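Engineer: You'll find input.cif just under this line, and it carries mmCIF, C-alpha atoms, pLDDT in the B column; chains and numbers go by the auth columns.
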data_start
loop_
_atom_site.group_PDB
_atom_site.id
_atom_site.type_symbol
_atom_site.label_atom_id
_atom_site.label_comp_id
_atom_site.label_asym_id
_atom_site.label_seq_id
_atom_site.Cartn_x
_atom_site.Cartn_y
_atom_site.Cartn_z
_atom_site.B_iso_or_equiv
_atom_site.auth_seq_id
_atom_site.auth_asym_id
ATOM 1 C CA MET A 1 -51.067 89.907 24.372 93.00 172 D
ATOM 2 C CA ILE A 2 -48.513 87.116 23.978 98.00 173 D
ATOM 3 C CA THR A 3 -44.890 88.296 23.886 98.00 174 D
ATOM 4 C CA VAL A 4 -41.456 86.882 23.090 98.00 175 D
ATOM 5 C CA ALA A 5 -40.855 86.732 26.851 98.00 176 D
ATOM 6 C CA ASP A 6 -43.827 84.366 27.155 98.00 177 D
ATOM 7 C CA CYS A 7 -42.326 82.125 24.470 98.00 178 D
ATOM 8 C CA GLU A 8 -38.991 82.118 26.290 98.00 179 D
ATOM 9 C CA ARG A 9 -40.722 81.154 29.540 98.00 180 D
ATOM 10 C CA VAL A 10 -42.469 78.199 27.890 98.00 181 D
ATOM 11 C CA GLN A 11 -39.219 77.065 26.248 98.00 182 D
ATOM 12 C CA THR A 12 -37.473 77.110 29.631 98.00 183 D
ATOM 13 C CA ASP A 13 -40.357 75.282 31.291 98.00 184 D
ATOM 14 C CA TRP A 14 -40.327 72.552 28.613 98.00 185 D
ATOM 15 C CA TYR A 15 -36.598 71.975 28.896 98.00 186 D
ATOM 16 C CA GLY A 16 -36.866 71.905 32.671 98.00 187 D
ATOM 17 C CA ARG A 17 -39.583 69.277 32.597 98.00 188 D
ATOM 18 C CA CYS A 18 -37.637 67.188 30.092 98.00 189 D
ATOM 19 C CA ALA A 19 -34.665 67.311 32.449 98.00 190 D
ATOM 20 C CA ARG A 20 -36.513 66.533 35.671 98.00 191 D
ATOM 21 C CA LEU A 21 -38.414 63.526 34.292 98.00 192 D
ATOM 22 C CA THR A 22 -35.455 61.926 32.529 98.00 193 D
ATOM 23 C CA GLY A 23 -32.836 62.010 35.261 97.00 194 D
ATOM 24 C CA GLY A 24 -31.397 65.456 34.549 98.00 195 D
ATOM 25 C CA GLU A 25 -31.076 68.568 36.682 98.00 196 D
ATOM 26 C CA VAL A 26 -32.130 72.222 36.778 98.00 197 D
ATOM 27 C CA TRP A 27 -30.313 74.852 38.820 98.00 198 D
ATOM 28 C CA GLN A 28 -29.423 78.520 39.143 98.00 199 D
ATOM 29 C CA ASP A 29 -25.957 79.931 39.714 98.00 200 D
ATOM 30 C CA ASP A 30 -25.364 83.661 40.097 97.00 201 D
ATOM 31 C CA GLY A 31 -28.236 84.607 37.812 96.00 202 D
ATOM 32 C CA LEU A 32 -27.648 81.846 35.252 98.00 203 D
ATOM 33 C CA ASP A 33 -30.398 79.273 34.662 98.00 204 D
ATOM 34 C CA TRP A 34 -28.967 75.903 33.652 98.00 205 D
ATOM 35 C CA VAL A 35 -30.764 72.788 32.403 98.00 206 D
ATOM 36 C CA TRP A 36 -28.991 69.441 32.108 98.00 207 D
ATOM 37 C CA MET A 37 -30.927 66.994 29.937 98.00 208 D
ATOM 38 C CA ALA A 38 -29.253 63.697 30.696 97.00 209 D
ATOM 39 C CA HIS A 39 -31.307 61.743 28.159 96.00 210 D
ATOM 40 C CA SER A 40 -29.780 63.710 25.268 97.00 211 D
ATOM 41 C CA GLY A 41 -26.476 64.782 26.823 97.00 212 D
ATOM 42 C CA SER A 42 -27.424 68.447 26.340 98.00 213 D
ATOM 43 C CA LEU A 43 -26.598 71.305 28.708 98.00 214 D
ATOM 44 C CA MET A 44 -28.615 74.481 28.157 98.00 215 D
ATOM 45 C CA LEU A 45 -28.194 78.015 29.466 98.00 216 D
ATOM 46 C CA MET A 46 -31.578 79.685 29.328 98.00 217 D
ATOM 47 C CA PHE A 47 -31.959 83.341 28.372 98.00 218 D
ATOM 48 C CA PRO A 48 -29.309 85.101 30.472 98.00 219 D
ATOM 49 C CA THR A 49 -29.274 88.896 30.471 97.00 220 D
ATOM 50 C CA ALA A 50 -25.768 89.062 31.959 97.00 221 D
ATOM 51 C CA VAL A 51 -23.053 86.453 32.344 97.00 222 D
ATOM 52 C CA ASP A 52 -20.516 86.241 35.151 96.00 223 D
ATOM 53 C CA PRO A 53 -17.499 84.415 33.690 97.00 224 D
ATOM 54 C CA SER A 54 -16.955 82.440 36.910 97.00 225 D
ATOM 55 C CA ALA A 55 -20.556 81.187 36.935 98.00 226 D
ATOM 56 C CA LEU A 56 -20.295 80.332 33.251 98.00 227 D
ATOM 57 C CA ALA A 57 -17.087 78.396 33.904 98.00 228 D
ATOM 58 C CA ARG A 58 -18.767 76.420 36.703 98.00 229 D
ATOM 59 C CA GLY A 59 -21.609 75.451 34.399 98.00 230 D
ATOM 60 C CA LEU A 60 -19.219 74.367 31.665 98.00 231 D
ATOM 61 C CA GLU A 61 -17.240 72.323 34.168 98.00 232 D
ATOM 62 C CA TYR A 62 -20.477 70.557 35.127 98.00 233 D
ATOM 63 C CA GLY A 63 -21.022 69.765 31.453 98.00 234 D
ATOM 64 C CA LYS A 64 -17.485 68.443 31.138 97.00 235 D
ATOM 65 C CA GLN A 65 -17.879 66.200 34.172 98.00 236 D
ATOM 66 C CA HIS A 66 -21.136 64.807 32.747 98.00 237 D
ATOM 67 C CA ASP A 67 -19.743 64.302 29.225 97.00 238 D
ATOM 68 C CA ALA A 68 -22.119 66.783 27.601 98.00 239 D
ATOM 69 C CA LYS A 69 -22.420 66.246 23.860 97.00 240 D
ATOM 70 C CA ILE A 70 -23.404 69.854 23.290 98.00 241 D
ATOM 71 C CA VAL A 71 -23.855 73.059 25.288 98.00 242 D
ATOM 72 C CA GLY A 72 -26.329 75.665 24.104 98.00 243 D
ATOM 73 C CA ALA A 73 -27.228 79.198 25.172 98.00 244 D
ATOM 74 C CA TRP A 74 -30.665 80.570 24.283 98.00 245 D
ATOM 75 C CA LEU A 75 -30.758 84.356 24.179 98.00 246 D
ATOM 76 C CA GLY A 76 -33.180 87.174 23.692 97.00 247 D
ATOM 77 C CA LEU A 77 -31.795 89.517 21.049 96.00 248 D
ATOM 78 C CA PRO A 78 -31.807 92.587 23.358 96.00 249 D
ATOM 79 C CA ALA A 79 -29.466 90.740 25.741 97.00 250 D
ATOM 80 C CA GLU A 80 -27.038 89.439 23.149 97.00 251 D
ATOM 81 C CA ASP A 81 -24.632 92.371 23.234 96.00 252 D
ATOM 82 C CA ALA A 82 -24.324 92.027 27.018 97.00 253 D
ATOM 83 C CA VAL A 83 -23.427 88.327 26.973 98.00 254 D
ATOM 84 C CA ALA A 84 -21.797 87.692 23.587 97.00 255 D
ATOM 85 C CA GLY A 85 -18.326 88.611 24.820 97.00 256 D
ATOM 86 C CA ALA A 86 -18.370 86.088 27.650 98.00 257 D
ATOM 87 C CA LEU A 87 -19.768 83.362 25.385 98.00 258 D
ATOM 88 C CA SER A 88 -17.169 84.039 22.701 98.00 259 D
ATOM 89 C CA LYS A 89 -14.333 83.831 25.222 97.00 260 D
ATOM 90 C CA ALA A 90 -15.712 80.442 26.297 98.00 261 D
ATOM 91 C CA ASN A 91 -15.582 79.281 22.634 98.00 262 D
ATOM 92 C CA PHE A 92 -19.306 79.425 21.928 98.00 263 D
ATOM 93 C CA GLU A 93 -20.288 80.163 18.332 98.00 264 D
ATOM 94 C CA ARG A 94 -23.331 82.082 17.173 98.00 265 D
ATOM 95 C CA GLY A 95 -25.999 79.746 15.829 97.00 266 D
ATOM 96 C CA TRP A 96 -29.504 79.699 14.430 96.00 267 D
ATOM 97 C CA ALA A 97 -32.271 82.185 15.245 96.00 268 D
ATOM 98 C CA PRO A 98 -35.579 80.998 16.718 96.00 269 D
ATOM 99 C CA TRP A 99 -38.514 82.774 15.123 97.00 270 D
ATOM 100 C CA TRP A 100 -41.055 83.053 17.939 98.00 271 D
ATOM 101 C CA MET A 101 -44.694 82.661 16.880 98.00 272 D
ATOM 102 C CA ALA A 102 -48.061 82.442 18.624 98.00 273 D
ATOM 103 C CA ALA A 103 -51.665 81.628 17.743 98.00 274 D
ATOM 104 C CA PRO A 104 -54.945 81.541 19.679 98.00 275 D
ATOM 105 C CA MET A 105 -56.205 78.035 20.293 98.00 276 D
ATOM 106 C CA THR A 106 -59.409 78.949 18.479 97.00 277 D
ATOM 107 C CA ALA A 107 -57.382 79.205 15.267 97.00 278 D
ATOM 108 C CA LEU A 108 -56.192 75.618 15.735 96.00 279 D
ATOM 109 C CA ALA A 109 -59.587 74.112 16.415 94.00 280 D
ATOM 110 C CA GLY A 110 -61.136 71.855 13.824 91.00 281 D
ATOM 111 C CA PRO A 111 -61.717 68.238 12.875 95.00 282 D
ATOM 112 C CA LEU A 112 -58.980 65.910 14.060 97.00 283 D
ATOM 113 C CA ASP A 113 -57.087 63.889 11.475 98.00 284 D
ATOM 114 C CA PRO A 114 -57.651 60.129 11.969 98.00 285 D
ATOM 115 C CA ARG A 115 -54.052 59.521 10.880 98.00 286 D
ATOM 116 C CA ILE A 116 -52.855 61.289 14.061 98.00 287 D
ATOM 117 C CA VAL A 117 -52.843 59.381 17.356 98.00 288 D
ATOM 118 C CA LEU A 118 -51.865 60.570 20.833 98.00 289 D
ATOM 119 C CA GLU A 119 -49.401 58.068 22.283 97.00 290 D
ATOM 120 C CA GLY A 120 -47.578 57.418 25.540 97.00 291 D
ATOM 121 C CA ASP A 121 -45.470 54.802 23.823 96.00 292 D
ATOM 122 C CA THR A 122 -44.249 54.585 20.245 96.00 293 D
ATOM 123 C CA ALA A 123 -42.816 51.268 19.173 94.00 294 D
ATOM 124 C CA GLU A 124 -40.886 52.783 16.283 96.00 295 D
ATOM 125 C CA TYR A 125 -38.568 54.716 18.580 96.00 296 D
ATOM 126 C CA ASP A 126 -35.418 52.639 18.859 92.00 297 D
ATOM 127 C CA ASP A 127 -33.219 55.589 19.853 93.00 298 D
ATOM 128 C CA PRO A 128 -32.921 55.656 23.688 92.00 299 D
ATOM 129 C CA GLU A 129 -33.044 59.460 23.626 92.00 300 D
ATOM 130 C CA GLU A 130 -36.463 59.412 21.974 94.00 301 D
ATOM 131 C CA ARG A 131 -37.802 56.556 24.087 96.00 302 D
ATOM 132 C CA ASP A 132 -36.685 58.162 27.343 97.00 303 D
ATOM 133 C CA LEU A 133 -38.620 61.315 26.517 97.00 304 D
ATOM 134 C CA LEU A 134 -41.906 59.388 26.293 98.00 305 D
ATOM 135 C CA VAL A 135 -42.027 59.406 30.099 98.00 306 D
ATOM 136 C CA LEU A 136 -43.382 62.957 29.754 98.00 307 D
ATOM 137 C CA ALA A 137 -46.498 61.725 27.976 98.00 308 D
ATOM 138 C CA GLN A 138 -46.965 59.015 30.600 98.00 309 D
ATOM 139 C CA ALA A 139 -46.666 61.273 33.664 98.00 310 D
ATOM 140 C CA ARG A 140 -49.781 62.315 35.593 97.00 311 D
ATOM 141 C CA PRO A 141 -51.263 64.836 35.941 96.00 312 D
ATOM 142 C CA GLN A 142 -50.699 65.173 32.226 98.00 313 D
ATOM 143 C CA VAL A 143 -49.250 68.404 30.859 98.00 314 D
ATOM 144 C CA ASP A 144 -47.361 66.922 27.880 98.00 315 D
ATOM 145 C CA TRP A 145 -48.804 65.202 24.834 98.00 316 D
ATOM 146 C CA HIS A 146 -47.047 63.257 22.103 98.00 317 D
ATOM 147 C CA ALA A 147 -48.731 62.624 18.749 98.00 318 D
ATOM 148 C CA ALA A 148 -47.650 60.222 16.028 98.00 319 D
ATOM 149 C CA ALA A 149 -48.725 60.330 12.388 98.00 320 D
ATOM 150 C CA ARG A 150 -49.178 57.089 10.483 97.00 321 D
ATOM 151 C CA VAL A 151 -49.948 56.491 6.828 97.00 322 D
ATOM 152 C CA ASP A 152 -50.948 52.970 5.852 96.00 323 D
ATOM 153 C CA GLY A 153 -49.437 51.733 9.087 94.00 324 D
ATOM 154 C CA ARG A 154 -46.114 53.496 8.551 97.00 325 D
ATOM 155 C CA PHE A 155 -44.745 55.992 11.094 98.00 326 D
ATOM 156 C CA ALA A 156 -44.802 59.307 9.236 98.00 327 D
ATOM 157 C CA GLY A 157 -44.129 62.058 11.781 98.00 328 D
ATOM 158 C CA ARG A 158 -44.481 63.302 15.350 98.00 329 D
ATOM 159 C CA CYS A 159 -45.134 66.370 17.486 98.00 330 D
ATOM 160 C CA TRP A 160 -45.161 67.352 21.171 98.00 331 D
ATOM 161 C CA SER A 161 -47.136 69.918 23.148 98.00 332 D
ATOM 162 C CA HIS A 162 -46.405 71.144 26.674 98.00 333 D
ATOM 163 C CA LEU A 163 -48.849 73.011 28.886 98.00 334 D
ATOM 164 C CA ALA A 164 -47.416 75.932 30.868 98.00 335 D
ATOM 165 C CA GLY A 165 -50.244 77.868 32.472 97.00 336 D
ATOM 166 C CA GLU A 166 -52.520 79.190 29.726 98.00 337 D
ATOM 167 C CA LEU A 167 -49.882 78.633 27.039 98.00 338 D
ATOM 168 C CA ALA A 168 -49.063 75.458 25.140 98.00 339 D
ATOM 169 C CA GLY A 169 -45.621 75.115 23.631 98.00 340 D
ATOM 170 C CA ILE A 170 -45.323 73.105 20.416 98.00 341 D
ATOM 171 C CA PHE A 171 -42.066 71.169 20.046 98.00 342 D
ATOM 172 C CA ASP A 172 -40.292 68.759 17.709 96.00 343 D
ATOM 173 C CA MET A 173 -42.918 68.879 14.980 96.00 344 D
ATOM 174 C CA VAL A 174 -41.603 66.885 12.045 96.00 345 D
ATOM 175 C CA VAL A 175 -43.012 64.942 9.117 97.00 346 D
ATOM 176 C CA TRP A 176 -40.566 62.585 7.449 97.00 347 D
ATOM 177 C CA PRO A 177 -39.725 63.838 3.921 96.00 348 D
ATOM 178 C CA ARG A 178 -41.452 61.041 1.991 96.00 349 D
ATOM 179 C CA PHE A 179 -44.780 61.804 3.722 97.00 350 D
ATOM 180 C CA ARG A 180 -44.838 65.579 3.322 95.00 351 D
ATOM 181 C CA ARG A 181 -47.472 67.594 1.433 93.00 352 D
ATOM 182 C CA ARG A 182 -50.274 65.360 2.688 95.00 353 D
ATOM 183 C CA GLY A 183 -51.617 67.603 5.453 96.00 354 D
ATOM 184 C CA LEU A 184 -49.898 65.678 8.226 97.00 355 D
ATOM 185 C CA GLY A 185 -48.146 68.730 9.659 96.00 356 D
ATOM 186 C CA ALA A 186 -51.441 70.522 10.230 96.00 357 D
ATOM 187 C CA GLY A 187 -52.932 67.306 11.571 97.00 358 D
ATOM 188 C CA LEU A 188 -50.129 66.868 14.086 98.00 359 D
ATOM 189 C CA MET A 189 -50.460 70.454 15.275 97.00 360 D
ATOM 190 C CA ARG A 190 -54.203 70.131 15.833 97.00 361 D
ATOM 191 C CA GLY A 191 -53.720 66.707 17.409 98.00 362 D
ATOM 192 C CA VAL A 192 -51.441 67.970 20.197 98.00 363 D
ATOM 193 C CA CYS A 193 -53.205 71.309 20.630 98.00 364 D
ATOM 194 C CA ALA A 194 -56.651 69.790 21.242 98.00 365 D
ATOM 195 C CA PRO A 195 -55.787 68.135 24.591 98.00 366 D
ATOM 196 C CA ALA A 196 -53.749 71.162 25.673 98.00 367 D
ATOM 197 C CA ALA A 197 -56.732 73.419 24.953 98.00 368 D
ATOM 198 C CA ALA A 198 -59.001 71.064 26.914 98.00 369 D
ATOM 199 C CA ALA A 199 -56.530 71.344 29.820 98.00 370 D
ATOM 200 C CA GLY A 200 -56.703 75.148 29.808 98.00 371 D
ATOM 201 C CA ALA A 201 -54.353 76.477 27.134 98.00 372 D
ATOM 202 C CA ARG A 202 -55.626 79.593 25.392 98.00 373 D
ATOM 203 C CA HIS A 203 -52.688 80.190 23.046 98.00 374 D
ATOM 204 C CA ALA A 204 -50.022 78.047 21.387 98.00 375 D
ATOM 205 C CA VAL A 205 -46.427 79.212 20.989 98.00 376 D
ATOM 206 C CA LEU A 206 -43.445 77.816 19.109 98.00 377 D
ATOM 207 C CA ASN A 207 -40.137 78.684 17.511 97.00 378 D
ATOM 208 C CA ALA A 208 -40.019 78.312 13.765 95.00 379 D
ATOM 209 C CA THR A 209 -37.490 77.838 11.031 88.00 380 D
ATOM 210 C CA PRO A 210 -38.007 79.651 7.718 86.00 381 D
ATOM 211 C CA GLU A 211 -39.367 76.412 6.247 83.00 382 D
ATOM 212 C CA GLY A 212 -41.740 75.775 9.136 87.00 383 D
ATOM 213 C CA GLU A 213 -43.032 79.345 9.234 92.00 384 D
ATOM 214 C CA LYS A 214 -44.913 78.769 5.977 89.00 385 D
ATOM 215 C CA LEU A 215 -47.062 76.057 7.555 91.00 386 D
ATOM 216 C CA TYR A 216 -47.525 77.842 10.864 96.00 387 D
ATOM 217 C CA SER A 217 -48.623 81.078 9.192 96.00 388 D
ATOM 218 C CA THR A 218 -51.370 79.259 7.302 95.00 389 D
ATOM 219 C CA MET A 219 -52.617 77.898 10.628 96.00 390 D
ATOM 220 C CA GLY A 220 -52.993 81.294 12.269 97.00 391 D
ATOM 221 C CA PHE A 221 -49.591 81.754 13.912 98.00 392 D
ATOM 222 C CA GLU A 222 -48.122 85.242 13.875 98.00 393 D
ATOM 223 C CA ARG A 223 -44.456 86.051 14.242 97.00 394 D
ATOM 224 C CA LEU A 224 -43.714 87.921 17.470 98.00 395 D
ATOM 225 C CA GLY A 225 -39.967 88.428 17.150 97.00 396 D
ATOM 226 C CA ASP A 226 -36.651 86.651 16.960 97.00 397 D
ATOM 227 C CA GLY A 227 -34.080 85.238 19.319 97.00 398 D
ATOM 228 C CA ILE A 228 -30.607 83.785 18.838 98.00 399 D
ATOM 229 C CA THR A 229 -28.746 80.702 19.982 98.00 400 D
ATOM 230 C CA TRP A 230 -25.048 80.167 20.720 98.00 401 D
ATOM 231 C CA TRP A 231 -23.428 76.726 20.758 98.00 402 D
ATOM 232 C CA LEU A 232 -20.391 75.032 22.194 97.00 403 D
ATOM 233 C CA HIS A 233 -19.346 71.602 20.921 90.00 404 D
ATOM 234 C CA PRO A 234 -17.102 70.004 23.545 83.00 405 D
#
Rewrite the structure from the file as C-alpha cells, please.
Structural biologist:
Amino acid sequence: MITVADCERVQTDWYGRCARLTGGEVWQDDGLDWVWMAHSGSLMLMFPTAVDPSALARGLEYGKQHDAKIVGAWLGLPAEDAVAGALSKANFERGWAPWWMAAPMTALAGPLDPRIVLEGDTAEYDDPEERDLLVLAQARPQVDWHAAARVDGRFAGRCWSHLAGELAGIFDMVVWPRFRRRGLGAGLMRGVCAPAAAAGARHAVLNATPEGEKLYSTMGFERLGDGITWWLHP
C-alpha cells in the first residue's frame, strides 16, 4: 500500500536530483535535510520531525550567502506541532497544503495522445530556470521524463515524471489556460507515465491542488492524506 511517507520520499528524491544535476547541493545537518536548487534560487528543508534552532540558523545562513529567492519547509502534518515554533521564530509563514495522491500505473495505461511529445529540449523555454532543468531529461540512465503538449504547433503545456524505485512522481503538470478542456492534461499524464512504467514504476504519486484533484481523481488517483508547507521570503 502506498502511503504519504512514500510520497514524501519521492518529493525529496526529485528535489535532490534537480539540485545535483543543476549545480546545487544536498546535505544533512543535525537531522535536517536541506536541498539547494541553484537553478531556481530555492532552498528547501525536507520533512523534518524536529528542528534544532542552531541547525536551522546554519541552513538559513547558507541561503543568505547564496542569495536564495525563497526558502521552503515541507512538513508532514503529524510533525507540524513539533517544528512550527522554531519555524515561526525564524519568520517562516504557514503556506499551502499538498494533497498527496497515488494511482496504480495500470489506471494510467491507454492510448498515447499524438499531441504529447517526450522532449529533452524545448525551444519555447526562454527562462534559464526552465532550460536548466532539461538536463534531467537528457541524463543517462534516464529516470526523468519531460513531455510537451502542442496544438497546431503551439506550445500548450508540460509535465515531468521522476522514477524513484517502483514509484513515479508527477511534477509541474500544467496546461496553459487557453488550451484547457481539450484533454491535454490527461494526455500529459499518460505521456510521462508510460516511460516510467516501462522503466519499472508500478504506481504514480503526486501532490495536488483542489483544482488539480478533479482531473487526477478521474484518472484513478486516490487521496492519501495532506501535508503542509511553510515559507520564508528573504
Engineer: Identify all residues satisfying the PyMOL selection byres ((chain D and resi 323-339) around 8) in the given file; provide them as a ChimeraX atom specification.
Structural biologist: /D:181,184-185,295,314-322,340-347,350,355,359-360,363-364,367-368,370-376
Engineer: Set the distance at 10 Å and use all atoms listed in the file: which residues neighbour Trp205 (chain D) once local chain neighbours fewer than 6 positions away are removed? I'd like the list as an MDAnalysis selection string.
Structural biologist: chainID D and resid 183 186:187 196:199 214:219 227 230 243:244
Engineer: The PyMOL selection byres ((chain D and resi 269-276) around 6) on the file shown: which residues, as a list in words?
Structural biologist: Ala268, Thr277, Ala278, Leu279, Arg373, His374, Ala375, Val376, Leu377, Asn378, Ala379, Gly391, Phe392, Glu393, Arg394, Leu395, Gly396, Asp397 and Gly398 of chain D
Engineer: For CA of Glu251 (chain D) and CA of Cys178 (chain D), determine how far apart the two atoms are, in Å to one decimal place.
Structural biologist: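 Atom-to-atom, CA of Glu251 (chain D) to CA of Cys178 (chain D), that is 17.0 Å.
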Engineer: Which is closest to Asp292 (chain D) among D:Trp402, D:Ala310, D:Glu264, D:Ala250, if we use only C-alpha atoms?
Structural biologist: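 Ranking D:Trp402, D:Ala310, D:Glu264, D:Ala250 by distance to Asp292 (chain D), first place goes to D:Ala310.
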